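K.L.:
Sharing a structure here in structure tokens format.
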Amino acid sequence: MPAPEETTAAAREFLADHPEAEDALATLVERDAQGEPWTFADISLDSGQFGELVARDLATSVDDGYRLANPDAIRAAIEAGPAAAGEDSAVAAEGSDVDTGGTADGGDAVSSRFPTTADVDALTLLGLVGTLFAVAGARLVAAPAVFQQGFVVSPANDTYFFRYWQERLAARADGIFDLGLFAEMGGAAGTRPLAHATNWWVTVLLGGVDAAPSVAAWLPVVASVCLGYLVYRTARLLTGDVRVALAAVLFYGLAPVNVVYTSVGFLDHQAHQYLWLGLLVATLTALGVDIARRIEDTDPQAAARAHARDARMWLVAIALAVSVAASAHAYGGSPLTFVPVAAVVGLRVALDVRRDLSPTYANAPLLAGLGLGAVGALGAHLALGWHESIAAVTPVLVAGGALVVVGLGELWRRVSLPPLALVAAEAVVAVGGLVAYARLRPGDIDRIRTRAADLFFREGITETVSLFSPDFAVVFGPLLQLGLGFYFAIAVLAVATWATARRYEPGWLVLVCFAWYYTLLATIQVRFAGQLAIMIAPFAGIGLVYLLSAIDIARPVAALGRGDDADSPPTRGRSSRGRPSRTGADSEPGGETAITSLALPEGTRLRGYLAATVALVLLFNLLLVPSLVGQTTHDRAQFDAALTADSHAEDVDREYPQNFVLSQWGDNRMYNYFVNGEARSYSYARSNYDQFLTATHPDEWYNRFQDRVGYVVVTERENAPPTESTYTTLYDGLGVGVNDTAATGHYQLLTATEEIRTFAVVPGATISVPEPSSVGVENGTVTATTTVTVPNSSGEVTATGTTFEYERHAAVSNGTATIRVAHPGEYQVGTQSVTVTNDAVHNGNQTVVQSG
């Protein structure tokens, strides 16, 4: 419900637009004071006036008609008289989102709408804090699997690559002021230098290597909360509606795919990439919104000059520069980030020309931000050796192209050529620039082809499938990855696209371009759905509030309302509805009403409906997040397998590479991180593991390993290899010959759970039988038998940790037999017994069976 000050201001503006309605409104106040609802037929206002009364939240619907929202506030407005054009509203006096003024050149007529903490009432602040807690809470779903036995077990595989560099760089740093380390990061400077640099710097700041696990756990969550605040600011800048802004944070924060990539412990490039992308979009949006709001109250040229002279816009330009430079070095595919930036610049210049704005003035802070960011990106590449050249050059190309396009737009406006033709000319400029770049730097073009092949043709990884995969009937893929917010957003995005094409909306242009771009990329690979979740969040927020208003449990949403069409002449000081525009906190471009504070509906029933509707909309996200996050976490059995191998390696004094763990490549970095710390690559596992499992004789692979593998972890497979394979021998037969399989001589079973078998790869002890006949062997084959008791991963003897008979055979050759065994114990060989020690197994020693 609006505050009394808001109601008074709205009532005075209503009277300013309809002075003839003052007596009828006064009569209505007296009638409403009797406590009975009234209908349109009971009052003296015409239908248009009545409609505005409801639209301005002066009257609200009840069961049997209507009631005034706040009769005392409306009575105060009648006593104060109509609001004069340009007069500050009471809300603005209390601390509005827009400063007011009245200079003729537009320098102070409208200032940028950047709400401060002073502008936020207690309920709104509580809502913001609550939504940010929801962002953090969703990312803690993985906490039980991440925090195990005093360790931080990061989800997925690639996270351990980042933890590998985090710890090594932090160990080398002499403190947070060791600036030289930024230029000497070695392999970490290759494709994601800023992510690695941030990880080690924060680790050193918080205590050094000992703090590395905590940083790995909490840095993604903190970055996600910061991004949530940027989403809030962006949505509120565009809509002026705090409800939409808070809903946008929820839709972003609960998008399952985004939660997966930024959950607790997920120390990867995504948290960094998403945060800088959010700042990039927020700053571009802020620059666009500022110029659009200035045009409401002054002529276009004065508005453009005022925008270019505003010191705050240059602060935004600096933030834009930081986001550009950071985005260039945040991850390997950073050049993709700047494609929509180029589109925004080109289309915005065309909009400026259509609106008869000087592109030079209107885009001066934007050009400065892009230029400074490009210098920063290129400087980091040249001075620090960061990233590939193509990543550093791409922002330079975009900034240079933007400068050319602005100059072209300025010429276009002066000669009054059609704006649509300017878009075609910009496309020619872009193609010409790319051709020139290809001739000057052919090596970069080859690299682009390689990266494009990874984008379009890479297979075998879950995240490379399409968001609209036929496996999920096309339309259900977005539901699983993004939740219901996608369906709310796509409809509003279509409306926003139409509005941007028809009107001067440079702020909305940013989000429209980025949203469609990442929709296209997510159609190719679902990994980009994480970025898409950020872009569509404000659209989803609008859709939700529209739904709530449609069922009469929320005030109408004003965002993307009717404004001036592209062909209409620019207005000055007038709204699109023909009444004086308002520069207070409750005005938006096009004369729409902003909602700058939360207000719960009156009545317990309506509040219950509101809570139930919001919960229902978000229910799918709440249900989908745990299941999607669970696909990336490592369960207790997997981590226990890693600890078992680590403990064994310490007991037998194995060091890398003798303690390397061979496993399925998707888990390989996790195992090796905890066993030997070498989590830099999984290429060996990816190249050899499947071949190893499908081979028919596992002992023959011992020589191929050549001390490169110390442990093997075999997990259950849905599509198991053929019966006579290493997989069957080790997984079904446990390497000891159960279930009608052959026992092995180089794979010592350490633990066995329902889905995981962990083996130590050992030389194996040899049992030599120099005179088989003396121990009662007459048939040419000598057998050595013992019992092997294998505990499960918890160290207990259960159904998955029990005693097996381990039996190995050898043929007699030249009067002797040699049997290789992988387990210590007392072996029965014919009529004799012999003891094989654990040292003999791990050192390959020989034990001779004495004649009977």
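Each chain in the structure tokens gets a letter, A, B, ..., in the order shown, and its residues are numbered from 1; ligands are numbered from 1 in order too.
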At a cut-off of 10 Å, using only C-alpha atoms, what residues contact A:Phe151? Leave out same-chain residues fewer than 2 positions from it and give the result as a list of chain:residue names.

P.N.:
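After dropping sequence-adjacent residues, the list is A:Val146, A:Phe147, A:Gln148, A:Gln149, A:Val153, A:Ser154, A:Pro213, A:Ser214, A:Phe639, A:Phe674.
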
K.L.:
Hey, can you spit out that residue selection with C-alpha atoms as a PDB file, in the first residue's frame?

P.N.:
```pdb
ATOM      1  CA  VAL A 146      30.944 -30.169   0.252  1.00  0.00           C
ATOM      2  CA  PHE A 147      31.825 -30.156   3.946  1.00  0.00           C
ATOM      3  CA  GLN A 148      32.863 -33.747   4.668  1.00  0.00           C
ATOM      4  CA  GLN A 149      35.014 -34.964   7.535  1.00  0.00           C
ATOM      5  CA  VAL A 153      35.034 -31.363  -1.225  1.00  0.00           C
ATOM      6  CA  SER A 154      34.290 -29.072  -4.154  1.00  0.00           C
ATOM      7  CA  PRO A 213      39.681 -24.387   1.472  1.00  0.00           C
ATOM      8  CA  SER A 214      37.481 -21.751   3.099  1.00  0.00           C
ATOM      9  CA  PHE A 639      35.454 -39.049  -1.092  1.00  0.00           C
ATOM     10  CA  PHE A 674      43.188 -35.204  -2.277  1.00  0.00           C
TER      11      PHE A 674
END
```

K.L.:
Taking only stretch 739-785 of chain A into account, list the residues labelled helix (DSSP H, G or I) by DSSP (computed from the backbone), as a PyMOL selection string.

P.N.:
chain A and resi 772-775

K.L.:
Go through A:Ala840, A:Ala343, A:Leu384, A:Met313 one by one, measure the shortest atom-to-atom distance of each to A:Ile291 using only C-alpha atoms, and give the residue with the smallest value.

P.N.:
A:Met313

K.L.:
Quick one: residues within 9 Å of A:Phe620, only C-alpha atoms, excluding same-chain residues fewer than 2 positions away - as an MDAnalysis selection string?

P.N.:
chainID A and resid 479:480 483:484 616:618 622:625

K.L.:
Hey, what's within 9 Å of stretch 170-182 of chain A if we count only C-alpha atoms and toss same-chain stuff fewer than 6 positions away? As a ChimeraX atom specification, please?

P.N.:
/A:189,193,197,199-205,208-209,212,384,386

K.L.:
Of the residues A:Gln638, A:Ser683, A:Ala784, A:Leu397, which is the one nearest to A:Ala752, using only C-alpha atoms?

P.N.:
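Among the listed residues, A:Gln638 lies closest to A:Ala752.
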
K.L.:
Please identify all polymer residues within 12 Å of A:Asp640, counting only C-alpha atoms, omitting same-chain residues fewer than 5 positions from it, and present them as a list in words.

P.N.:
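Within the cut-off, the hits are Gln148, Gln149, Phe151, Val153, His634, Asp635, Ala645, Asp646, Ser647, Met670, Tyr671, Phe674, Val675, Val713, Leu750, Thr751, Ala752, Thr753, Ile756, Arg757, Thr758, Asn792, Ser793, Ser794 and Gly795 of chain A.
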
K.L.:
Would you put the residues from that selection into a file with N, CA, C and O atoms, as an mmCIF file, in the first residue's frame?

P.N.:
```cif
data_model
loop_
_atom_site.group_PDB
_atom_site.id
_atom_site.type_symbol
_atom_site.label_atom_id
_atom_site.label_comp_id
_atom_site.auth_asym_id
_atom_site.auth_seq_id
_atom_site.Cartn_x
_atom_site.Cartn_y
_atom_site.Cartn_z
ATOM 1 N N GLN A 148 32.810 -32.353 4.237
ATOM 2 C CA GLN A 148 32.863 -33.747 4.668
ATOM 3 C C GLN A 148 34.122 -33.996 5.497
ATOM 4 O O GLN A 148 35.224 -33.698 5.048
ATOM 5 N N GLN A 149 33.927 -34.490 6.686
ATOM 6 C CA GLN A 149 35.014 -34.964 7.535
ATOM 7 C C GLN A 149 36.128 -33.916 7.696
ATOM 8 O O GLN A 149 37.313 -34.233 7.721
ATOM 9 N N PHE A 151 36.922 -31.600 5.570
ATOM 10 C CA PHE A 151 37.474 -31.189 4.291
ATOM 11 C C PHE A 151 36.420 -30.417 3.495
ATOM 12 O O PHE A 151 35.224 -30.547 3.733
ATOM 13 N N VAL A 153 35.059 -30.515 -0.034
ATOM 14 C CA VAL A 153 35.034 -31.363 -1.225
ATOM 15 C C VAL A 153 34.244 -30.622 -2.296
ATOM 16 O O VAL A 153 33.021 -30.693 -2.356
ATOM 17 N N HIS A 634 30.221 -34.736 -5.104
ATOM 18 C CA HIS A 634 30.842 -36.044 -4.883
ATOM 19 C C HIS A 634 30.287 -36.626 -3.589
ATOM 20 O O HIS A 634 30.328 -35.976 -2.532
ATOM 21 N N ASP A 635 29.784 -37.852 -3.656
ATOM 22 C CA ASP A 635 29.161 -38.432 -2.474
ATOM 23 C C ASP A 635 30.207 -38.960 -1.503
ATOM 24 O O ASP A 635 31.416 -38.929 -1.761
ATOM 25 N N ALA A 645 42.851 -44.063 -0.676
ATOM 26 C CA ALA A 645 44.059 -44.058 -1.501
ATOM 27 C C ALA A 645 45.130 -43.170 -0.893
ATOM 28 O O ALA A 645 46.327 -43.520 -0.893
ATOM 29 N N ASP A 646 44.727 -42.032 -0.358
ATOM 30 C CA ASP A 646 45.695 -41.116 0.257
ATOM 31 C C ASP A 646 46.354 -41.760 1.475
ATOM 32 O O ASP A 646 47.580 -41.672 1.665
ATOM 33 N N SER A 647 45.547 -42.417 2.301
ATOM 34 C CA SER A 647 46.100 -43.079 3.482
ATOM 35 C C SER A 647 47.059 -44.199 3.091
ATOM 36 O O SER A 647 48.132 -44.358 3.690
ATOM 37 N N MET A 670 39.336 -34.546 -8.707
ATOM 38 C CA MET A 670 38.998 -34.637 -7.280
ATOM 39 C C MET A 670 39.859 -35.676 -6.590
ATOM 40 O O MET A 670 40.465 -35.410 -5.541
ATOM 41 N N TYR A 671 39.940 -36.877 -7.165
ATOM 42 C CA TYR A 671 40.741 -37.935 -6.541
ATOM 43 C C TYR A 671 42.194 -37.517 -6.402
ATOM 44 O O TYR A 671 42.804 -37.672 -5.334
ATOM 45 N N PHE A 674 43.097 -34.769 -3.667
ATOM 46 C CA PHE A 674 43.188 -35.204 -2.277
ATOM 47 C C PHE A 674 44.275 -36.257 -2.054
ATOM 48 O O PHE A 674 44.720 -36.443 -0.929
ATOM 49 N N VAL A 675 44.704 -36.939 -3.109
ATOM 50 C CA VAL A 675 45.728 -37.978 -2.930
ATOM 51 C C VAL A 675 47.137 -37.432 -3.149
ATOM 52 O O VAL A 675 48.053 -37.721 -2.370
ATOM 53 N N VAL A 713 40.290 -46.440 -9.420
ATOM 54 C CA VAL A 713 38.944 -46.386 -8.846
ATOM 55 C C VAL A 713 37.966 -46.769 -9.946
ATOM 56 O O VAL A 713 37.917 -46.130 -11.002
ATOM 57 N N LEU A 750 41.465 -52.336 -1.964
ATOM 58 C CA LEU A 750 41.555 -51.608 -0.696
ATOM 59 C C LEU A 750 40.185 -51.461 -0.040
ATOM 60 O O LEU A 750 40.034 -51.696 1.154
ATOM 61 N N THR A 751 39.190 -51.042 -0.803
ATOM 62 C CA THR A 751 37.824 -50.918 -0.281
ATOM 63 C C THR A 751 36.838 -51.258 -1.386
ATOM 64 O O THR A 751 37.147 -51.146 -2.575
ATOM 65 N N ALA A 752 35.645 -51.664 -0.950
ATOM 66 C CA ALA A 752 34.576 -51.940 -1.905
ATOM 67 C C ALA A 752 33.255 -51.502 -1.294
ATOM 68 O O ALA A 752 32.893 -51.937 -0.204
ATOM 69 N N THR A 753 32.568 -50.584 -1.978
ATOM 70 C CA THR A 753 31.223 -50.187 -1.577
ATOM 71 C C THR A 753 30.261 -50.668 -2.652
ATOM 72 O O THR A 753 30.648 -51.352 -3.594
ATOM 73 N N ILE A 756 31.494 -48.442 -5.810
ATOM 74 C CA ILE A 756 32.881 -48.034 -6.050
ATOM 75 C C ILE A 756 33.830 -49.103 -5.539
ATOM 76 O O ILE A 756 33.659 -49.637 -4.428
ATOM 77 N N ARG A 757 34.841 -49.434 -6.328
ATOM 78 C CA ARG A 757 35.932 -50.323 -5.917
ATOM 79 C C ARG A 757 37.229 -49.530 -6.028
ATOM 80 O O ARG A 757 37.507 -48.903 -7.050
ATOM 81 N N THR A 758 38.036 -49.596 -4.982
ATOM 82 C CA THR A 758 39.295 -48.869 -4.960
ATOM 83 C C THR A 758 40.448 -49.861 -4.865
ATOM 84 O O THR A 758 40.476 -50.707 -3.955
ATOM 85 N N ASN A 792 34.977 -52.212 4.050
ATOM 86 C CA ASN A 792 34.396 -51.193 3.178
ATOM 87 C C ASN A 792 35.076 -49.869 3.469
ATOM 88 O O ASN A 792 36.017 -49.790 4.251
ATOM 89 N N SER A 793 34.607 -48.812 2.841
ATOM 90 C CA SER A 793 35.307 -47.533 2.946
ATOM 91 C C SER A 793 35.307 -46.961 4.346
ATOM 92 O O SER A 793 36.135 -46.116 4.678
ATOM 93 N N SER A 794 34.386 -47.397 5.202
ATOM 94 C CA SER A 794 34.360 -46.897 6.578
ATOM 95 C C SER A 794 35.228 -47.727 7.507
ATOM 96 O O SER A 794 35.307 -47.462 8.694
ATOM 97 N N GLY A 795 35.883 -48.759 6.955
ATOM 98 C CA GLY A 795 36.768 -49.586 7.761
ATOM 99 C C GLY A 795 36.079 -50.741 8.435
ATOM 100 O O GLY A 795 36.690 -51.470 9.212
#
```
